[in-house]
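The file data.pdb contains PDB, C-alpha atoms and all ligand atoms:
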MODEL        1
ATOM      1  CA  MET P1269       0.000   0.000   0.000
ATOM      2  CA  ILE P1270       1.261   3.487  -0.947
ATOM      3  CA  LEU P1271       0.345   6.538   1.102
ATOM      4  CA  LEU P1272       0.215   9.597  -1.167
ATOM      5  CA  THR P1273      -0.015  13.111   0.263
ATOM      6  CA  GLY P1274      -0.849  16.081  -1.951
ATOM      7  CA  ALA P1275      -2.908  13.854  -4.288
ATOM      8  CA  SER P1276      -5.241  16.756  -5.149
ATOM      9  CA  GLY P1277      -2.377  19.001  -6.329
ATOM     10  CA  LEU P1278      -0.646  19.366  -9.682
ATOM     11  CA  VAL P1279       1.913  16.564  -9.217
ATOM     12  CA  GLY P1280      -0.286  14.402  -6.978
ATOM     13  CA  ARG P1281      -3.100  14.221  -9.549
ATOM     14  CA  ALA P1282      -0.719  13.154 -12.335
ATOM     15  CA  LEU P1283       0.863  10.548 -10.059
ATOM     16  CA  LEU P1284      -2.446   9.238  -8.798
ATOM     17  CA  SER P1285      -3.809   8.647 -12.283
ATOM     18  CA  ARG P1286      -0.699   6.575 -13.177
ATOM     19  CA  LEU P1287      -0.887   4.565  -9.949
ATOM     20  CA  ALA P1288      -4.597   3.934 -10.540
ATOM     21  CA  GLU P1289      -3.914   2.849 -14.154
ATOM     22  CA  ASN P1290      -1.443   0.288 -12.794
ATOM     23  CA  ALA P1291      -3.942  -0.864 -10.133
ATOM     24  CA  VAL P1292      -1.504  -0.001  -7.320
ATOM     25  CA  PRO P1293      -3.327   0.194  -3.956
ATOM     26  CA  VAL P1294      -3.177   3.820  -2.804
ATOM     27  CA  ARG P1295      -4.342   5.661   0.281
ATOM     28  CA  CYS P1296      -4.515   9.451   0.013
ATOM     29  CA  LEU P1297      -4.047  11.732   2.981
ATOM     30  CA  VAL P1298      -6.341  14.642   2.106
ATOM     31  CA  ARG P1299      -8.057  17.567   3.767
ATOM     32  CA  ASP P1300     -11.087  17.298   1.522
ATOM     33  CA  PRO P1301     -11.753  14.121  -0.534
ATOM     34  CA  ARG P1302     -13.884  16.089  -3.009
ATOM     35  CA  ARG P1303     -10.646  17.698  -4.238
ATOM     36  CA  LEU P1304      -9.622  14.290  -5.652
ATOM     37  CA  GLY P1305     -12.416  14.445  -8.231
ATOM     38  CA  ALA P1306     -13.327  11.176  -9.920
ATOM     39  CA  GLN P1307     -10.246   9.405  -8.510
ATOM     40  CA  ARG P1308     -11.677   9.463  -4.996
ATOM     41  CA  VAL P1309     -13.594   6.263  -5.664
ATOM     42  CA  ASN P1310     -10.403   4.401  -6.684
ATOM     43  CA  VAL P1311      -8.436   5.034  -3.491
ATOM     44  CA  GLN P1312      -8.620   4.702   0.268
ATOM     45  CA  ILE P1313      -9.081   8.057   1.953
ATOM     46  CA  ALA P1314      -7.322   9.126   5.140
ATOM     47  CA  LEU P1315      -8.614  12.475   6.300
ATOM     48  CA  GLY P1316      -5.671  14.498   7.503
ATOM     49  CA  ASP P1317      -3.807  17.746   7.503
ATOM     50  CA  LEU P1318      -0.132  18.659   7.481
ATOM     51  CA  ALA P1319      -0.914  20.701  10.584
ATOM     52  CA  ASP P1320      -2.361  17.655  12.380
ATOM     53  CA  PRO P1321       0.400  15.057  13.018
ATOM     54  CA  PRO P1322      -1.927  12.521  14.757
ATOM     55  CA  SER P1323      -3.670  12.164  11.388
ATOM     56  CA  PHE P1324      -0.382  10.850   9.909
ATOM     57  CA  ARG P1325      -0.332   7.902  12.310
ATOM     58  CA  ASN P1326      -3.756   6.646  11.239
ATOM     59  CA  ALA P1327      -2.931   7.134   7.568
ATOM     60  CA  MET P1328       0.209   4.971   7.749
ATOM     61  CA  ARG P1329      -1.350   1.682   8.866
ATOM     62  CA  GLY P1330      -0.206  -1.125   6.534
ATOM     63  CA  VAL P1331       1.739   1.275   4.297
ATOM     64  CA  ASP P1332       5.109   0.269   2.810
ATOM     65  CA  THR P1333       5.859   3.420   0.773
ATOM     66  CA  VAL P1334       5.012   7.023   1.599
ATOM     67  CA  ILE P1335       5.083   9.523  -1.284
ATOM     68  CA  HIS P1336       5.048  12.885   0.444
ATOM     69  CA  VAL P1337       4.150  15.488  -2.145
ATOM     70  CA  ALA P1338       1.966  17.887  -0.118
ATOM     71  CA  ALA P1339       3.463  21.224   0.868
ATOM     72  CA  ALA P1340       2.422  24.849   1.186
ATOM     73  CA  ILE P1341       3.971  27.897  -0.485
ATOM     74  CA  ARG P1342       1.763  30.285   1.483
ATOM     75  CA  ASP P1343       0.819  30.488   5.156
ATOM     76  CA  GLN P1344      -2.487  28.841   6.044
ATOM     77  CA  PRO P1345      -4.733  29.551   9.054
ATOM     78  CA  GLN P1346      -3.664  26.134  10.475
ATOM     79  CA  GLY P1347       0.059  26.652  10.040
ATOM     80  CA  SER P1348       2.902  28.706   8.615
ATOM     81  CA  ILE P1349       4.977  27.700   5.576
ATOM     82  CA  GLU P1350       7.669  26.510   8.008
ATOM     83  CA  GLU P1351       5.186  24.349   9.948
ATOM     84  CA  LEU P1352       3.537  22.871   6.852
ATOM     85  CA  ALA P1353       6.575  22.360   4.615
ATOM     86  CA  ALA P1354       9.348  21.658   7.147
ATOM     87  CA  ILE P1355       8.067  20.531  10.567
ATOM     88  CA  ALA P1356       5.248  18.455   9.046
ATOM     89  CA  THR P1357       7.798  16.557   6.919
ATOM     90  CA  TRP P1358       9.926  15.828   9.971
ATOM     91  CA  ARG P1359       6.816  14.542  11.782
ATOM     92  CA  MET P1360       5.721  12.532   8.752
ATOM     93  CA  VAL P1361       9.144  10.836   8.573
ATOM     94  CA  ASP P1362       8.898  10.065  12.286
ATOM     95  CA  ALA P1363       5.377   8.637  11.906
ATOM     96  CA  ALA P1364       6.586   6.511   8.971
ATOM     97  CA  ARG P1365       9.467   5.115  11.017
ATOM     98  CA  ARG P1366       7.149   4.252  13.920
ATOM     99  CA  ALA P1367       4.650   2.598  11.565
ATOM    100  CA  GLY P1368       7.339   0.376  10.005
ATOM    101  CA  VAL P1369       7.169   2.039   6.559
ATOM    102  CA  ALA P1370      10.011   0.799   4.320
ATOM    103  CA  ARG P1371      10.467   3.728   1.927
ATOM    104  CA  PHE P1372       9.892   7.472   2.061
ATOM    105  CA  VAL P1373       9.684   9.432  -1.203
ATOM    106  CA  PHE P1374       9.869  13.202  -0.829
ATOM    107  CA  PHE P1375       9.330  16.214  -3.085
ATOM    108  CA  SER P1376      11.860  18.922  -2.355
ATOM    109  CA  ALA P1377      12.794  21.733  -4.777
ATOM    110  CA  LEU P1378      15.849  22.868  -6.710
ATOM    111  CA  GLY P1379      17.337  25.800  -4.838
ATOM    112  CA  ALA P1380      16.309  24.423  -1.427
ATOM    113  CA  SER P1381      18.807  25.971   0.956
ATOM    114  CA  THR P1382      18.831  27.229   4.522
ATOM    115  CA  GLN P1383      20.505  30.371   3.071
ATOM    116  CA  SER P1384      17.746  31.093   0.526
ATOM    117  CA  ARG P1385      15.885  34.407   0.650
ATOM    118  CA  SER P1386      12.665  32.399   0.163
ATOM    119  CA  ARG P1387      10.910  31.026   3.266
ATOM    120  CA  PHE P1388       9.588  28.129   1.194
ATOM    121  CA  LEU P1389      13.064  27.101  -0.030
ATOM    122  CA  ARG P1390      14.504  27.379   3.492
ATOM    123  CA  ALA P1391      11.677  25.146   4.762
ATOM    124  CA  LYS P1392      12.295  22.623   1.947
ATOM    125  CA  ALA P1393      15.994  22.475   2.888
ATOM    126  CA  LEU P1394      15.095  21.591   6.495
ATOM    127  CA  ALA P1395      12.538  19.037   5.322
ATOM    128  CA  GLU P1396      15.010  17.422   2.947
ATOM    129  CA  ALA P1397      17.573  17.147   5.765
ATOM    130  CA  ALA P1398      14.962  15.400   7.957
ATOM    131  CA  VAL P1399      14.287  12.903   5.169
ATOM    132  CA  ARG P1400      17.980  12.330   4.425
ATOM    133  CA  ASP P1401      18.848  11.826   8.112
ATOM    134  CA  SER P1402      16.090   9.251   8.666
ATOM    135  CA  GLU P1403      16.766   5.526   8.955
ATOM    136  CA  LEU P1404      14.278   4.790   6.180
ATOM    137  CA  ALA P1405      15.112   4.070   2.563
ATOM    138  CA  THR P1406      14.474   7.435   0.914
ATOM    139  CA  MET P1407      14.127   8.972  -2.512
ATOM    140  CA  VAL P1408      14.155  12.730  -3.103
ATOM    141  CA  PHE P1409      12.914  14.620  -6.157
ATOM    142  CA  ALA P1410      14.097  18.207  -6.489
ATOM    143  CA  PRO P1411      12.246  19.868  -9.375
ATOM    144  CA  SER P1412      12.578  23.237 -11.067
ATOM    145  CA  ILE P1413       9.228  24.915 -11.866
ATOM    146  CA  ILE P1414       6.644  22.240 -12.632
ATOM    147  CA  TYR P1415       3.902  23.350 -15.008
ATOM    148  CA  ALA P1416       0.855  22.108 -16.850
ATOM    149  CA  PRO P1417      -1.342  24.054 -19.248
ATOM    150  CA  GLY P1418      -4.149  25.520 -17.119
ATOM    151  CA  ASP P1419      -2.282  25.193 -13.801
ATOM    152  CA  PRO P1420      -2.600  28.070 -11.304
ATOM    153  CA  PHE P1421       0.765  29.630 -12.297
ATOM    154  CA  LEU P1422       0.129  29.650 -16.051
ATOM    155  CA  SER P1423      -3.516  30.627 -15.519
ATOM    156  CA  LEU P1424      -2.394  33.674 -13.546
ATOM    157  CA  LEU P1425      -0.029  34.672 -16.370
ATOM    158  CA  GLU P1426      -2.837  34.155 -18.886
ATOM    159  CA  ARG P1427      -5.175  36.358 -16.837
ATOM    160  CA  GLN P1428      -2.513  39.062 -16.710
ATOM    161  CA  ALA P1429      -2.089  38.693 -20.472
ATOM    162  CA  ARG P1430      -5.716  39.828 -20.867
ATOM    163  CA  LEU P1431      -4.786  43.301 -19.580
ATOM    164  CA  PRO P1432      -4.961  45.833 -22.396
ATOM    165  CA  ALA P1433      -1.598  46.386 -24.166
ATOM    166  CA  VAL P1434       0.762  45.741 -21.236
ATOM    167  CA  MET P1435       2.041  42.678 -19.388
ATOM    168  CA  PRO P1436       3.380  43.335 -15.875
ATOM    169  CA  VAL P1437       6.550  41.513 -14.760
ATOM    170  CA  MET P1438       7.848  41.846 -11.217
ATOM    171  CA  GLY P1439      11.426  43.096 -10.881
ATOM    172  CA  SER P1440      13.970  42.297 -13.558
ATOM    173  CA  GLY P1441      12.283  39.028 -14.596
ATOM    174  CA  ARG P1442      15.792  37.605 -15.020
ATOM    175  CA  ALA P1443      15.630  34.675 -12.568
ATOM    176  CA  ALA P1444      16.107  31.505 -14.611
ATOM    177  CA  TYR P1445      14.300  28.156 -14.510
ATOM    178  CA  GLN P1446      14.225  24.859 -16.344
ATOM    179  CA  PRO P1447      10.451  24.314 -16.404
ATOM    180  CA  ILE P1448       9.397  20.678 -16.493
ATOM    181  CA  TRP P1449       5.964  19.401 -17.560
ATOM    182  CA  VAL P1450       4.054  17.665 -14.771
ATOM    183  CA  GLU P1451       3.483  14.577 -16.946
ATOM    184  CA  ASP P1452       7.271  14.167 -17.296
ATOM    185  CA  VAL P1453       7.650  14.578 -13.524
ATOM    186  CA  ALA P1454       5.064  11.869 -12.852
ATOM    187  CA  ASP P1455       6.751   9.534 -15.375
ATOM    188  CA  CYS P1456      10.067  10.031 -13.528
ATOM    189  CA  VAL P1457       8.529   9.124 -10.156
ATOM    190  CA  ILE P1458       6.818   6.008 -11.498
ATOM    191  CA  ALA P1459      10.041   4.904 -13.218
ATOM    192  CA  ALA P1460      12.083   5.453 -10.042
ATOM    193  CA  LEU P1461       9.578   3.564  -7.875
ATOM    194  CA  GLY P1462       9.972   0.488 -10.058
ATOM    195  CA  ARG P1463      13.746   0.627 -10.357
ATOM    196  CA  PRO P1464      16.013  -1.350  -8.066
ATOM    197  CA  GLY P1465      18.826   0.928  -6.923
ATOM    198  CA  SER P1466      16.684   4.075  -6.749
ATOM    199  CA  ASN P1467      16.649   4.032  -2.974
ATOM    200  CA  ASP P1468      18.656   6.813  -1.345
ATOM    201  CA  GLN P1469      18.900   8.662  -4.682
ATOM    202  CA  ARG P1470      18.253  12.361  -5.205
ATOM    203  CA  TYR P1471      16.848  13.209  -8.626
ATOM    204  CA  GLU P1472      16.975  16.784  -9.898
ATOM    205  CA  LEU P1473      14.092  17.245 -12.316
ATOM    206  CA  ALA P1474      14.605  19.891 -14.978
ATOM    207  CA  GLY P1475      13.200  20.519 -18.421
ATOM    208  CA  PRO P1476      15.355  20.908 -21.533
ATOM    209  CA  GLN P1477      15.058  24.719 -21.828
ATOM    210  CA  THR P1478      16.563  27.315 -19.509
ATOM    211  CA  LEU P1479      14.136  30.231 -19.468
ATOM    212  CA  THR P1480      14.019  33.430 -17.454
ATOM    213  CA  TYR P1481      10.729  34.469 -15.898
ATOM    214  CA  GLU P1482      10.376  37.065 -18.638
ATOM    215  CA  GLU P1483      10.988  34.421 -21.317
ATOM    216  CA  ILE P1484       8.297  32.198 -19.767
ATOM    217  CA  VAL P1485       5.918  35.179 -19.918
ATOM    218  CA  ALA P1486       6.860  35.669 -23.587
ATOM    219  CA  LEU P1487       6.152  31.968 -24.320
ATOM    220  CA  VAL P1488       2.727  32.190 -22.682
ATOM    221  CA  LEU P1489       1.905  35.322 -24.693
ATOM    222  CA  GLU P1490       3.127  33.645 -27.901
ATOM    223  CA  SER P1491       1.107  30.476 -27.247
ATOM    224  CA  ARG P1492      -2.023  32.625 -26.830
ATOM    225  CA  GLY P1493      -1.228  34.738 -29.895
ATOM    226  CA  ARG P1494      -1.033  37.924 -27.795
ATOM    227  CA  ARG P1495       1.400  40.794 -28.293
ATOM    228  CA  ARG P1496       1.946  42.834 -25.169
ATOM    229  CA  HIS P1497       4.462  45.398 -24.032
ATOM    230  CA  VAL P1498       6.248  44.017 -20.928
ATOM    231  CA  VAL P1499       6.319  46.501 -18.059
ATOM    232  CA  HIS P1500       8.721  45.848 -15.180
ATOM    233  CA  VAL P1501       7.150  46.714 -11.830
ATOM    234  CA  PRO P1502       9.710  47.314  -9.044
ATOM    235  CA  THR P1503       9.845  44.321  -6.654
ATOM    236  CA  PRO P1504       9.263  46.356  -3.444
ATOM    237  CA  VAL P1505       6.090  47.850  -4.951
ATOM    238  CA  VAL P1506       4.740  44.383  -5.857
ATOM    239  CA  LEU P1507       5.626  42.877  -2.472
ATOM    240  CA  ARG P1508       4.056  45.777  -0.542
ATOM    241  CA  SER P1509       0.874  45.578  -2.639
ATOM    242  CA  LEU P1510       0.596  41.808  -2.196
ATOM    243  CA  LYS P1511       1.080  42.080   1.577
ATOM    244  CA  LEU P1512      -1.753  44.604   1.682
ATOM    245  CA  LEU P1513      -3.902  42.339  -0.505
ATOM    246  CA  GLU P1514      -3.247  39.383   1.840
ATOM    247  CA  ARG P1515      -4.396  41.479   4.803
ATOM    248  CA  LEU P1516      -7.593  42.418   2.975
ATOM    249  CA  ALA P1517      -8.425  39.171   1.114
ATOM    250  CA  GLY P1518      -6.778  36.572   3.395
ATOM    251  CA  GLU P1519      -6.737  33.087   1.852
ATOM    252  CA  ARG P1520      -8.566  34.355  -1.245
ATOM    253  CA  ALA P1521      -5.621  36.535  -2.344
ATOM    254  CA  PHE P1522      -4.683  35.593  -5.951
ATOM    255  CA  ALA P1523      -0.994  35.734  -5.021
ATOM    256  CA  THR P1524       1.108  36.362  -1.921
ATOM    257  CA  ALA P1525       4.381  38.171  -1.324
ATOM    258  CA  ASP P1526       6.059  34.827  -0.502
ATOM    259  CA  GLU P1527       4.916  33.354  -3.821
ATOM    260  CA  ALA P1528       6.064  36.444  -5.725
ATOM    261  CA  GLU P1529       9.456  36.385  -3.995
ATOM    262  CA  LEU P1530       9.920  32.799  -5.158
ATOM    263  CA  MET P1531       9.768  34.090  -8.738
ATOM    264  CA  GLU P1532      12.986  36.011  -8.147
ATOM    265  CA  VAL P1533      14.984  32.919  -7.136
ATOM    266  CA  PRO P1534      16.581  30.843  -9.910
ATOM    267  CA  LEU P1535      15.736  27.123  -9.826
ATOM    268  CA  LEU P1536      18.439  25.490 -11.925
ATOM    269  CA  SER P1537      20.130  22.099 -12.014
ATOM    270  CA  GLU P1538      23.637  21.566 -13.309
ATOM    271  CA  HIS P1539      22.443  18.068 -14.274
ATOM    272  CA  GLY P1540      20.012  19.502 -16.833
ATOM    273  CA  THR P1541      17.768  16.670 -18.017
ATOM    274  CA  ARG P1542      20.318  13.976 -17.093
ATOM    275  CA  ASP P1543      18.498  12.645 -14.006
ATOM    276  CA  ALA P1544      15.162  12.413 -15.828
ATOM    277  CA  GLU P1545      16.855  10.690 -18.761
ATOM    278  CA  SER P1546      18.536   8.221 -16.384
ATOM    279  CA  LEU P1547      14.957   7.181 -15.558
ATOM    280  CA  GLY P1548      14.070   6.789 -19.222
ATOM    281  CA  VAL P1549      12.162  10.097 -19.452
ATOM    282  CA  ARG P1550      13.043  12.784 -22.005
ATOM    283  CA  PRO P1551      11.351  15.986 -20.773
ATOM    284  CA  ARG P1552       9.572  17.980 -23.443
ATOM    285  CA  PRO P1553      10.335  21.660 -24.148
ATOM    286  CA  MET P1554       7.789  24.082 -22.697
ATOM    287  CA  ARG P1555       7.111  25.705 -26.077
ATOM    288  CA  GLU P1556       6.141  22.304 -27.506
ATOM    289  CA  VAL P1557       3.830  21.443 -24.575
ATOM    290  CA  LEU P1558       2.087  24.847 -24.636
ATOM    291  CA  ALA P1559       1.649  24.697 -28.419
ATOM    292  CA  ALA P1560       0.102  21.212 -28.163
ATOM    293  CA  HIS P1561      -2.452  22.291 -25.544
TER
HETATM  294  N1  LIG I1601       4.919  23.257  -8.737
HETATM  295  C1  LIG I1601       6.167  23.630  -8.749
HETATM  296  O1  LIG I1601       6.605  24.433  -9.580
HETATM  297  C2  LIG I1601       7.141  23.062  -7.731
HETATM  298  C3  LIG I1601       8.487  23.453  -7.775
HETATM  299  C4  LIG I1601       9.366  22.924  -6.845
HETATM  300  C5  LIG I1601       8.916  22.034  -5.885
HETATM  301  N2  LIG I1601       7.604  21.692  -5.857
HETATM  302  C6  LIG I1601       7.143  20.751  -4.838
HETATM  303  O2  LIG I1601       6.552  19.649  -5.485
HETATM  304  C7  LIG I1601       5.445  19.180  -4.712
HETATM  305  C8  LIG I1601       4.194  19.158  -5.559
HETATM  306  O3  LIG I1601       3.891  20.473  -5.991
HETATM  307  P1  LIG I1601       2.491  20.811  -6.647
HETATM  308  O4  LIG I1601       2.760  21.843  -7.681
HETATM  309  O5  LIG I1601       1.778  19.572  -7.015
HETATM  310  O6  LIG I1601       1.740  21.503  -5.437
HETATM  311  P2  LIG I1601       0.202  21.975  -5.390
HETATM  312  O7  LIG I1601      -0.439  21.829  -6.721
HETATM  313  O8  LIG I1601       0.208  23.315  -4.737
HETATM  314  O9  LIG I1601      -0.478  20.927  -4.420
HETATM  315  C9  LIG I1601      -0.230  20.963  -3.060
HETATM  316  C10 LIG I1601      -0.895  19.768  -2.436
HETATM  317  O10 LIG I1601      -0.643  19.818  -1.018
HETATM  318  C11 LIG I1601      -1.888  19.727  -0.345
HETATM  319  N3  LIG I1601      -1.859  20.496   0.890
HETATM  320  C12 LIG I1601      -1.606  21.819   1.041
HETATM  321  N4  LIG I1601      -1.728  22.162   2.336
HETATM  322  C13 LIG I1601      -2.074  21.039   3.006
HETATM  323  C14 LIG I1601      -2.360  20.766   4.360
HETATM  324  N5  LIG I1601      -2.328  21.718   5.291
HETATM  325  N6  LIG I1601      -2.663  19.488   4.703
HETATM  326  C15 LIG I1601      -2.720  18.498   3.772
HETATM  327  N7  LIG I1601      -2.471  18.707   2.454
HETATM  328  C16 LIG I1601      -2.159  19.973   2.079
HETATM  329  C17 LIG I1601      -2.896  20.322  -1.298
HETATM  330  O11 LIG I1601      -4.184  19.858  -0.910
HETATM  331  P3  LIG I1601      -5.537  20.737  -1.073
HETATM  332  O12 LIG I1601      -6.121  20.278  -2.369
HETATM  333  O13 LIG I1601      -6.349  20.352   0.122
HETATM  334  O14 LIG I1601      -5.128  22.177  -1.079
HETATM  335  C18 LIG I1601      -2.418  19.765  -2.621
HETATM  336  O15 LIG I1601      -2.855  18.448  -2.790
HETATM  337  C19 LIG I1601       5.340  20.081  -3.508
HETATM  338  O16 LIG I1601       6.031  19.512  -2.418
HETATM  339  C20 LIG I1601       6.046  21.329  -3.960
HETATM  340  O17 LIG I1601       6.579  22.073  -2.889
HETATM  341  C21 LIG I1601       6.695  22.181  -6.750
ENDMDL
END

Please express the file's structure as C-alpha cells.
Amino acid sequence: MILLTGASGLVGRALLSRLAENAVPVRCLVRDPRRLGAQRVNVQIALGDLADPPSFRNAMRGVDTVIHVAAAIRDQPQGSIEELAAIATWRMVDAARRAGVARFVFFSALGASTQSRSRFLRAKALAEAAVRDSELATMVFAPSIIYAPGDPFLSLLERQARLPAVMPVMGSGRAAYQPIWVEDVADCVIAALGRPGSNDQRYELAGPQTLTYEEIVALVLESRGRRRHVVHVPTPVVLRSLKLLERLAGERAFATADEAELMEVPLLSEHGTRDAESLGVRPRPMREVLAAH
C-alpha cells in the first residue's frame, strides 16, 4: 500500500492517475476528498492535515511506501509555511518510522537551501535534511518549476495577459528556470519507484530549456497569440501591494508576497535533463507542450 499526500495538487493528480492505471493500492491523505475528483472512488481516503500530526499515524497503517508530495507555499490559518513544509515533513518521517514504513519518497525543490531568501526554499531544505537523516530508505525529487497548461501559475499569467496592451513583470524578470511538464515529472517518479537501486537517490528534475521568468511570460503570450508590451514593476512595490492584498483578502488573495518572492529565485540544475533521462524520461520543451495544448 502506498500513502500519497498532496494527491489533489498538480503533481499528486498526475501521479495518482498513473498509480490507478497500474492498479496499485493507494491511500490518500487529504483535507477534503472532493478535491480528488473522480479518482476518490479508486483510493482509500485518510482524512488528515499537514498541521495535524496525529492524522499521519492513522494514515500509515499497513503502508510500505510514503510519497510525500503535499506542501504549502503560502501560510495557512492552520500553520505557517515553516510548519507545513518543514516541521510536518519531519513529523511525517517520524510517523513513517514508527509505523514500520520501508520507503519514504519526498518532493523537495531545486534551490532548497537554509541560506535562501525564500521562506519556502529554506523550509524545503530543512525538510530534505529530515528525510535524508532518517533511517528509512528514501528517494528525493528536487524539481525546477513544474507546469501544466491551465495550472494556477500559467492561468495567472494568462489572466494578466488579458490586460490591455501591457504585461506586468515583477522586478527584472531575469531569474532563470528549467520548467518541467508535470506529466514528465510523474513519469520520472513512477520509473524510479519500479527501479532497483533508486533508494537513497536524489533526482533533480529539470526541463530541456533554460528560461528566465520574462521568457516564460513571452512563451505564454506567444502560445495565446497575444502581443503585449512588458512593463517591469519594481519588486518592493509588488511585495508591498501583495502584503496589503493578503491582509484584505486573506486566503482568497490571488498571489502572496512569498509566492512572488519565489519568482525572483533561480531554480536550476547543473544536471540539466540527465536525471530524468537516467529514468528513461526525455522531458519535453515548454514551447512544444504549450503549443500542443
Ligand atoms: N509546482 C512547482 O513548480 C514546484 C516546484 C518545486 C517544488 N515543488 C514541490 O513539489 C510538490 C508538488 O507540488 P504541486 O505543484 O503539485 O503543489 P500543489 O499543486 O500546490 O499541491 C499541493 C498539495 O498539497 C496539499 N496540501 C496543502 N496544504 C495542506 C495541508 N495543510 N494538509 C494536507 N495537504 C495539504 C494540497 O491539498 P488541497 O487540495 O487540500 O489544497 C495539494 O494536494 C510540492 O512539495 C512542492 O513544494 C513544486

So that each row is one residue of chain P with an atom at most 8 Å from ligand LIG 1601 (chain I), can you give its shortest atom pair and the distance in Å to one decimal, using only C-alpha atoms and all ligand atoms, rows by chain and rising number, as a Markdown table?
| residue | atom | partner | partner_atom | distance |
| --- | --- | --- | --- | --- |
| P:Thr1273 | CA | I:LIG1601 | N7 | 6.5 |
| P:Gly1274 | CA | I:LIG1601 | O15 | 3.2 |
| P:Ala1275 | CA | I:LIG1601 | O15 | 4.8 |
| P:Ser1276 | CA | I:LIG1601 | O15 | 3.8 |
| P:Gly1277 | CA | I:LIG1601 | O9 | 3.3 |
| P:Leu1278 | CA | I:LIG1601 | O5 | 3.6 |
| P:Val1279 | CA | I:LIG1601 | O5 | 3.7 |
| P:Gly1280 | CA | I:LIG1601 | O5 | 5.6 |
| P:Arg1281 | CA | I:LIG1601 | O5 | 7.7 |
| P:Leu1297 | CA | I:LIG1601 | C15 | 6.9 |
| P:Val1298 | CA | I:LIG1601 | C15 | 5.5 |
| P:Arg1299 | CA | I:LIG1601 | O13 | 4.9 |
| P:Asp1300 | CA | I:LIG1601 | O13 | 5.8 |
| P:Arg1303 | CA | I:LIG1601 | O12 | 5.5 |
| P:Leu1304 | CA | I:LIG1601 | O12 | 7.7 |
| P:Gly1316 | CA | I:LIG1601 | C15 | 6.2 |
| P:Asp1317 | CA | I:LIG1601 | N6 | 3.5 |
| P:Leu1318 | CA | I:LIG1601 | N6 | 3.8 |
| P:Ala1319 | CA | I:LIG1601 | N5 | 5.6 |
| P:Asp1320 | CA | I:LIG1601 | N6 | 7.9 |
| P:His1336 | CA | I:LIG1601 | O16 | 7.3 |
| P:Val1337 | CA | I:LIG1601 | O16 | 4.5 |
| P:Ala1338 | CA | I:LIG1601 | O10 | 3.4 |
| P:Ala1339 | CA | I:LIG1601 | O16 | 4.5 |
| P:Ala1340 | CA | I:LIG1601 | C12 | 5.0 |
| P:Ile1341 | CA | I:LIG1601 | O17 | 6.8 |
| P:Gln1344 | CA | I:LIG1601 | N5 | 7.2 |
| P:Gln1346 | CA | I:LIG1601 | N5 | 6.9 |
| P:Gly1347 | CA | I:LIG1601 | N5 | 7.3 |
| P:Leu1352 | CA | I:LIG1601 | N5 | 6.2 |
| P:Ala1353 | CA | I:LIG1601 | O17 | 7.5 |
| P:Phe1374 | CA | I:LIG1601 | O16 | 7.6 |
| P:Phe1375 | CA | I:LIG1601 | O16 | 4.7 |
| P:Ser1376 | CA | I:LIG1601 | C5 | 5.6 |
| P:Ala1377 | CA | I:LIG1601 | C5 | 4.0 |
| P:Leu1378 | CA | I:LIG1601 | C4 | 6.5 |
| P:Phe1388 | CA | I:LIG1601 | O17 | 7.9 |
| P:Lys1392 | CA | I:LIG1601 | O17 | 7.5 |
| P:Ala1410 | CA | I:LIG1601 | C5 | 6.5 |
| P:Pro1411 | CA | I:LIG1601 | C4 | 4.9 |
| P:Ser1412 | CA | I:LIG1601 | C3 | 5.3 |
| P:Ile1413 | CA | I:LIG1601 | O1 | 3.5 |
| P:Ile1414 | CA | I:LIG1601 | O1 | 3.8 |
| P:Tyr1415 | CA | I:LIG1601 | O1 | 6.2 |
| P:Pro1447 | CA | I:LIG1601 | O1 | 7.8 |

To one decimal place, how far is CA of Val1361 in chain P from CA of Asp1401 in chain P in Å?
-> 9.8 Å

Exactly which residues make up the result of the PyMOL selection byres (((chain P and resi 1543-1560) around 7) and not hetatm) on this file, given as a PDB file with C-alpha atoms, in the coordinates of the input?
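Writing done, so here's selection.pdb:
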ATOM      1  CA  PRO P1417      -1.342  24.054 -19.248  1.00  0.00           C
ATOM      2  CA  PRO P1447      10.451  24.314 -16.404  1.00  0.00           C
ATOM      3  CA  ILE P1448       9.397  20.678 -16.493  1.00  0.00           C
ATOM      4  CA  ASP P1452       7.271  14.167 -17.296  1.00  0.00           C
ATOM      5  CA  ASP P1455       6.751   9.534 -15.375  1.00  0.00           C
ATOM      6  CA  CYS P1456      10.067  10.031 -13.528  1.00  0.00           C
ATOM      7  CA  ALA P1459      10.041   4.904 -13.218  1.00  0.00           C
ATOM      8  CA  ALA P1460      12.083   5.453 -10.042  1.00  0.00           C
ATOM      9  CA  TYR P1471      16.848  13.209  -8.626  1.00  0.00           C
ATOM     10  CA  GLU P1472      16.975  16.784  -9.898  1.00  0.00           C
ATOM     11  CA  LEU P1473      14.092  17.245 -12.316  1.00  0.00           C
ATOM     12  CA  GLY P1475      13.200  20.519 -18.421  1.00  0.00           C
ATOM     13  CA  PRO P1476      15.355  20.908 -21.533  1.00  0.00           C
ATOM     14  CA  GLN P1477      15.058  24.719 -21.828  1.00  0.00           C
ATOM     15  CA  LEU P1487       6.152  31.968 -24.320  1.00  0.00           C
ATOM     16  CA  SER P1491       1.107  30.476 -27.247  1.00  0.00           C
ATOM     17  CA  HIS P1539      22.443  18.068 -14.274  1.00  0.00           C
ATOM     18  CA  THR P1541      17.768  16.670 -18.017  1.00  0.00           C
ATOM     19  CA  ARG P1542      20.318  13.976 -17.093  1.00  0.00           C
ATOM     20  CA  HIS P1561      -2.452  22.291 -25.544  1.00  0.00           C
TER      21      HIS P1561
END

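Here CA of Ser1348 in chain P and CA of Ser1402 in chain P stand 23.5 Å from one another.
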
Apply the PyMOL selection byres (((chain P and resi 1523-1535) around 8) and not hetatm) to the file shown and report the selected residues as a ChimeraX atom specification.
-> /P:1341-1342,1377-1379,1385-1388,1412-1413,1438-1439,1441-1446,1481,1506-1508,1510-1511,1513-1514,1521-1522,1536-1537
